[in-house]
Amino acid sequence: MIEVRKIASKETYPLRHKVLWPHLKEHECGIDSDFLDEAFQLGSFYKDQLISIGTFFPQQHQQFKSTKQFRLRAMATDPDFRGLQSGKKLMEAAFEHLQSIGVDLLWCDARLIATGFYEKLGMDVMGEIYDVPKIGPHKLMYIQF
């Protein structure tokens, strides 16, 4: 059984380091947006072990006209626990919470390897592939509520 709940930003650092940013030291895996007033982090737990994470915060993207946008960053699932639907459950919980606070659009810079996951959740692609230095190719993805 997967349980999704809000977590502190520091709880995300081990998975950010392991899955997303192995080129950094674990203590360097914080991001400025972790500490914005409306920002929140969600974690999916399996048998009390944190296995998926995501950070959500208000940020307008110039390509979208929606008035209350949030951005997703640093979404990751421990490779040892993929296939348990923990990422899907985390995103569904995020969608529900974002809608409850009046957010009308969620967007992210998605790694190419993750675009299929986001598409299955109803997110769309906008534009062409672009490169994020030290990380690789991405696509801009979004969902409107």
# chains A, B, ... in the order shown; residues from 1 in each chain; ligands from 1
$ residues_around --residues "Asp131 of chain A" --least-positions-apart "3" --cutoff "12 Å" --atoms "only C-alpha atoms" --output "JSON list (two decimals) with N, CA, C and O atoms, in the first residue's frame"
[["chain", "number", "residue", "atom", "x", "y", "z"],
["A", 109, "ASP", "N", 9.49, 20.87, -16.54],
["A", 109, "ASP", "CA", 10.51, 20.53, -17.52],
["A", 109, "ASP", "C", 10.74, 19.03, -17.35],
["A", 109, "ASP", "O", 11.36, 18.61, -16.38],
["A", 110, "ALA", "N", 10.22, 18.24, -18.27],
["A", 110, "ALA", "CA", 10.26, 16.78, -18.13],
["A", 110, "ALA", "C", 11.44, 16.18, -18.88],
["A", 110, "ALA", "O", 11.65, 16.49, -20.06],
["A", 111, "ARG", "N", 12.18, 15.32, -18.19],
["A", 111, "ARG", "CA", 13.21, 14.55, -18.88],
["A", 111, "ARG", "C", 12.52, 13.67, -19.92],
["A", 111, "ARG", "O", 11.41, 13.19, -19.70],
["A", 112, "LEU", "N", 13.19, 13.43, -21.02],
["A", 112, "LEU", "CA", 12.58, 12.63, -22.09],
["A", 112, "LEU", "C", 12.15, 11.25, -21.59],
["A", 112, "LEU", "O", 11.11, 10.75, -21.99],
["A", 128, "GLU", "N", 9.46, 22.18, -28.60],
["A", 128, "GLU", "CA", 10.48, 21.22, -29.03],
["A", 128, "GLU", "C", 11.34, 20.76, -27.85],
["A", 128, "GLU", "O", 11.28, 21.34, -26.76],
["A", 134, "LYS", "N", 24.15, 19.59, -17.92],
["A", 134, "LYS", "CA", 24.54, 18.55, -16.96],
["A", 134, "LYS", "C", 23.44, 17.53, -16.69],
["A", 134, "LYS", "O", 23.63, 16.61, -15.92],
["A", 135, "ILE", "N", 22.25, 17.72, -17.29],
["A", 135, "ILE", "CA", 21.14, 16.81, -17.02],
["A", 135, "ILE", "C", 20.65, 16.14, -18.31],
["A", 135, "ILE", "O", 20.40, 14.95, -18.33],
["A", 136, "GLY", "N", 20.48, 16.92, -19.38],
["A", 136, "GLY", "CA", 20.11, 16.32, -20.65],
["A", 136, "GLY", "C", 18.85, 16.89, -21.27],
["A", 136, "GLY", "O", 18.34, 17.92, -20.84],
["A", 137, "PRO", "N", 18.32, 16.19, -22.29],
["A", 137, "PRO", "CA", 17.17, 16.69, -23.05],
["A", 137, "PRO", "C", 15.86, 16.63, -22.25],
["A", 137, "PRO", "O", 15.62, 15.69, -21.49],
["A", 138, "HIS", "N", 15.05, 17.67, -22.45],
["A", 138, "HIS", "CA", 13.76, 17.83, -21.76],
["A", 138, "HIS", "C", 12.70, 18.31, -22.73],
["A", 138, "HIS", "O", 13.00, 18.83, -23.80],
["A", 139, "LYS", "N", 11.44, 18.19, -22.27],
["A", 139, "LYS", "CA", 10.30, 18.78, -22.97],
["A", 139, "LYS", "C", 9.47, 19.54, -21.93],
["A", 139, "LYS", "O", 9.35, 19.12, -20.78],
["A", 140, "LEU", "N", 8.89, 20.64, -22.37],
["A", 140, "LEU", "CA", 7.95, 21.39, -21.52],
["A", 140, "LEU", "C", 6.62, 20.65, -21.54],
["A", 140, "LEU", "O", 6.08, 20.37, -22.61]]
$ residues_around --residues "Phe35 of chain A" --least-positions-apart "5" --cutoff "10 Å" --atoms "only C-alpha atoms" --output "list in words"
Ala8, Ser9, Gly30, Phe40 and Phe57 of chain A
$ closest_residue --among "A:Phe64, A:Phe81, A:Trp21, A:Trp107" --to "Phe95 of chain A" --atoms "only C-alpha atoms"
A:Trp107
$ select_by_dssp --residues "chain A" --states "strand (DSSP E)" --output "count of residues only"
57
$ closest_residue --among "A:Gln63, A:Lys68, A:Tyr46, A:Val103" --to "Val125 of chain A" --atoms "only C-alpha atoms"
A:Gln63
$ select_by_dssp --residues "chain A" --states "alpha helix (DSSP H)" --output "ChimeraX atom specification"
/A:13-15,86-100,115-120
$ write_last_selection --atoms "N, CA and C atoms" --output "compact mmCIF listing (two decimals), in the first residue's frame"
# COMPACT_ATOMS: atom_id res chain seq x y z
N TYR A 13 16.16 15.20 -0.28
CA TYR A 13 17.55 15.25 -0.73
C TYR A 13 18.13 13.88 -1.10
N PRO A 14 17.94 12.83 -0.29
CA PRO A 14 18.53 11.54 -0.68
C PRO A 14 18.05 11.02 -2.04
N LEU A 15 16.74 11.13 -2.32
CA LEU A 15 16.25 10.66 -3.62
C LEU A 15 16.64 11.61 -4.74
N SER A 86 3.65 4.49 -7.28
CA SER A 86 3.87 5.52 -6.26
C SER A 86 3.95 6.92 -6.87
N GLY A 87 4.56 7.04 -8.04
CA GLY A 87 4.62 8.33 -8.71
C GLY A 87 3.25 8.79 -9.17
N LYS A 88 2.48 7.87 -9.71
CA LYS A 88 1.12 8.19 -10.16
C LYS A 88 0.28 8.65 -8.98
N LYS A 89 0.35 7.95 -7.87
CA LYS A 89 -0.44 8.32 -6.69
C LYS A 89 0.00 9.67 -6.14
N LEU A 90 1.30 9.94 -6.18
CA LEU A 90 1.80 11.24 -5.74
C LEU A 90 1.24 12.35 -6.62
N MET A 91 1.28 12.16 -7.92
CA MET A 91 0.77 13.18 -8.84
C MET A 91 -0.73 13.37 -8.70
N GLU A 92 -1.47 12.30 -8.51
CA GLU A 92 -2.92 12.44 -8.32
C GLU A 92 -3.22 13.23 -7.05
N ALA A 93 -2.46 13.00 -5.99
CA ALA A 93 -2.64 13.76 -4.75
C ALA A 93 -2.29 15.23 -4.99
N ALA A 94 -1.23 15.47 -5.76
CA ALA A 94 -0.84 16.85 -6.07
C ALA A 94 -1.93 17.54 -6.89
N PHE A 95 -2.46 16.88 -7.90
CA PHE A 95 -3.52 17.46 -8.72
C PHE A 95 -4.70 17.87 -7.84
N GLU A 96 -5.09 16.99 -6.95
CA GLU A 96 -6.23 17.26 -6.07
C GLU A 96 -5.95 18.47 -5.18
N HIS A 97 -4.76 18.52 -4.59
CA HIS A 97 -4.42 19.64 -3.71
C HIS A 97 -4.33 20.95 -4.50
N LEU A 98 -3.68 20.91 -5.65
CA LEU A 98 -3.53 22.13 -6.46
C LEU A 98 -4.88 22.68 -6.88
N GLN A 99 -5.78 21.82 -7.28
CA GLN A 99 -7.12 22.28 -7.65
C GLN A 99 -7.84 22.88 -6.46
N SER A 100 -7.64 22.30 -5.27
CA SER A 100 -8.33 22.80 -4.07
C SER A 100 -7.85 24.19 -3.66
N THR A 115 8.53 11.48 -20.11
CA THR A 115 7.39 12.07 -20.81
C THR A 115 6.21 11.11 -20.93
N GLY A 116 6.46 9.84 -21.13
CA GLY A 116 5.37 8.86 -21.20
C GLY A 116 4.60 8.79 -19.90
N PHE A 117 5.30 8.84 -18.78
CA PHE A 117 4.66 8.85 -17.47
C PHE A 117 3.71 10.04 -17.35
N TYR A 118 4.20 11.22 -17.68
CA TYR A 118 3.37 12.43 -17.56
C TYR A 118 2.20 12.41 -18.55
N GLU A 119 2.42 11.90 -19.74
CA GLU A 119 1.34 11.81 -20.73
C GLU A 119 0.21 10.92 -20.22
N LYS A 120 0.55 9.81 -19.56
CA LYS A 120 -0.47 8.91 -19.00
C LYS A 120 -1.31 9.61 -17.93
$ residues_around --residues "Asp34 of chain A" --least-positions-apart "4" --cutoff "12 Å" --atoms "only C-alpha atoms" --output "VMD selection string"
chain A and resid 7 to 13 29 to 30 38 to 42 54 to 58 71 to 74
